[in-house]
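First comes the structure, then the notes that go with it.
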Amino acid sequence: MSRAQRRPPAPGVEWEFERVTFSREYSRNVVRKLLVERAEHGGWELDRVRIGPDGTRRVVLRRKIIRQARPFFSYV
């Protein structure tokens, strides 16, 4: 899906982003394992991967920011 075709997030949804760079010395399998580890234990999901002409992988991860709604107390 191209960037122009992406739907905007639902109202009230906020994302936290993290940029990670991997050197070309890391194999594809090593990078995959590191990203899976972050996804499973940190709640991150893959947003974008760019591979530069020098072989460097620039990865953008995202996760939803879940805000706790303040409880409504009614005093009688």
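Labeling convention for the structure tokens: chains A, B, ... as they appear, residues from 1 per chain, ligands from 1 in order of appearance.
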For the structure I just gave you, how does DSSP split range 17-57 of chain A - specifically, which residues are alpha helix (DSSP H)? Reply as a list in words.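 Matching residues for alpha helix (DSSP H) in range 17-57 of chain A are Arg28, Asn29, Val30, Val31, Arg32, Lys33, Leu34, Leu35, Val36, Glu37, Arg38, Ala39, Glu40, His41 and Gly42 of chain A.
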Keeping only N, CA and C atoms, write the selected residues to a file as a compact mmCIF listing (two decimals), in the first residue's frame.
# COMPACT_ATOMS: atom_id res chain seq x y z
N ARG A 28 20.03 -10.84 7.32
CA ARG A 28 18.59 -10.66 7.32
C ARG A 28 17.94 -11.43 8.47
N ASN A 29 18.42 -12.64 8.74
CA ASN A 29 17.85 -13.45 9.82
C ASN A 29 18.10 -12.83 11.19
N VAL A 30 19.28 -12.26 11.39
CA VAL A 30 19.59 -11.63 12.68
C VAL A 30 18.69 -10.42 12.89
N VAL A 31 18.53 -9.60 11.86
CA VAL A 31 17.65 -8.43 11.96
C VAL A 31 16.23 -8.87 12.25
N ARG A 32 15.77 -9.90 11.56
CA ARG A 32 14.41 -10.41 11.79
C ARG A 32 14.23 -10.85 13.23
N LYS A 33 15.20 -11.58 13.77
CA LYS A 33 15.09 -12.05 15.15
C LYS A 33 15.06 -10.89 16.14
N LEU A 34 15.88 -9.87 15.90
CA LEU A 34 15.89 -8.71 16.79
C LEU A 34 14.56 -7.95 16.74
N LEU A 35 14.00 -7.82 15.56
CA LEU A 35 12.73 -7.12 15.43
C LEU A 35 11.57 -7.92 16.02
N VAL A 36 11.61 -9.24 15.85
CA VAL A 36 10.56 -10.08 16.46
C VAL A 36 10.63 -9.98 17.98
N GLU A 37 11.83 -9.95 18.52
CA GLU A 37 12.01 -9.81 19.97
C GLU A 37 11.37 -8.51 20.48
N ARG A 38 11.63 -7.42 19.77
CA ARG A 38 11.03 -6.13 20.16
C ARG A 38 9.51 -6.17 20.05
N ALA A 39 9.02 -6.81 19.01
CA ALA A 39 7.57 -6.88 18.81
C ALA A 39 6.90 -7.68 19.92
N GLU A 40 7.48 -8.82 20.27
CA GLU A 40 6.86 -9.69 21.27
C GLU A 40 6.93 -9.11 22.67
N HIS A 41 8.04 -8.48 23.01
CA HIS A 41 8.23 -8.03 24.39
C HIS A 41 7.97 -6.54 24.60
N GLY A 42 7.96 -5.77 23.53
CA GLY A 42 7.75 -4.34 23.70
C GLY A 42 6.47 -3.82 23.09
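Among the candidates A:Ile65, A:Phe73, A:Arg19, A:Glu25, the residue lying nearest to Val49 in chain A is A:Arg19 (atoms considered: only C-alpha atoms).
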Which is closer to Lys64 in chain A than all the others in A:Tyr26, A:Ile51, A:Trp44, A:Thr21, using only C-alpha atoms?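 Ranking A:Tyr26, A:Ile51, A:Trp44, A:Thr21 by distance to Lys64 in chain A, first place goes to A:Trp44.
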Surrounding residues of Ile66 in chain A excluding itself and chain neighbours under 3 positions, 9 Å, only C-alpha atoms, as a list of chain:residue names: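 Within the cut-off, the hits are A:Val13, A:Glu14, A:Trp15.
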Export, as a CSV table (one decimal), in the first residue's frame, the selected residues with N, CA and C atoms.
chain,number,residue,atom,x,y,z
A,13,VAL,N,-6.3,8.2,18.3
A,13,VAL,CA,-5.3,7.2,18.3
A,13,VAL,C,-3.9,7.9,18.2
A,14,GLU,N,-3.0,7.6,19.2
A,14,GLU,CA,-1.7,8.2,19.1
A,14,GLU,C,-0.7,7.1,19.0
A,15,TRP,N,0.4,7.4,18.3
A,15,TRP,CA,1.5,6.4,18.1
A,15,TRP,C,2.8,6.9,18.7
DSSP on the backbone, then: every residue of chain A marked strand (DSSP E or B), written as a PyMOL selection string. chain A and resi 14-22+45-51+57-65
With only C-alpha atoms as the atoms that count, which of A:Pro11, A:Glu18, A:Tyr75, A:Ser23 lies nearest to Arg57 in chain A?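 The answer is A:Ser23, which sits nearest to Arg57 in chain A.
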Using only C-alpha atoms, which of A:Arg63, A:Gly12, A:Ser27, A:Phe22 sits nearest Arg50 in chain A?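 Checking each candidate against Arg50 in chain A, we get A:Phe22 as the closest.
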Choose the residue, out of A:Arg24, A:Glu16, A:Phe72, A:Arg67, that has the smallest atom-to-atom separation from Asp47 in chain A; count only C-alpha atoms.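 Looking at the shortest contact to Asp47 in chain A, the residue is A:Glu16.
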Computed interatomic separation between CA of Glu45 in chain A and CA of Arg62 in chain A (Å): 5.4 Å
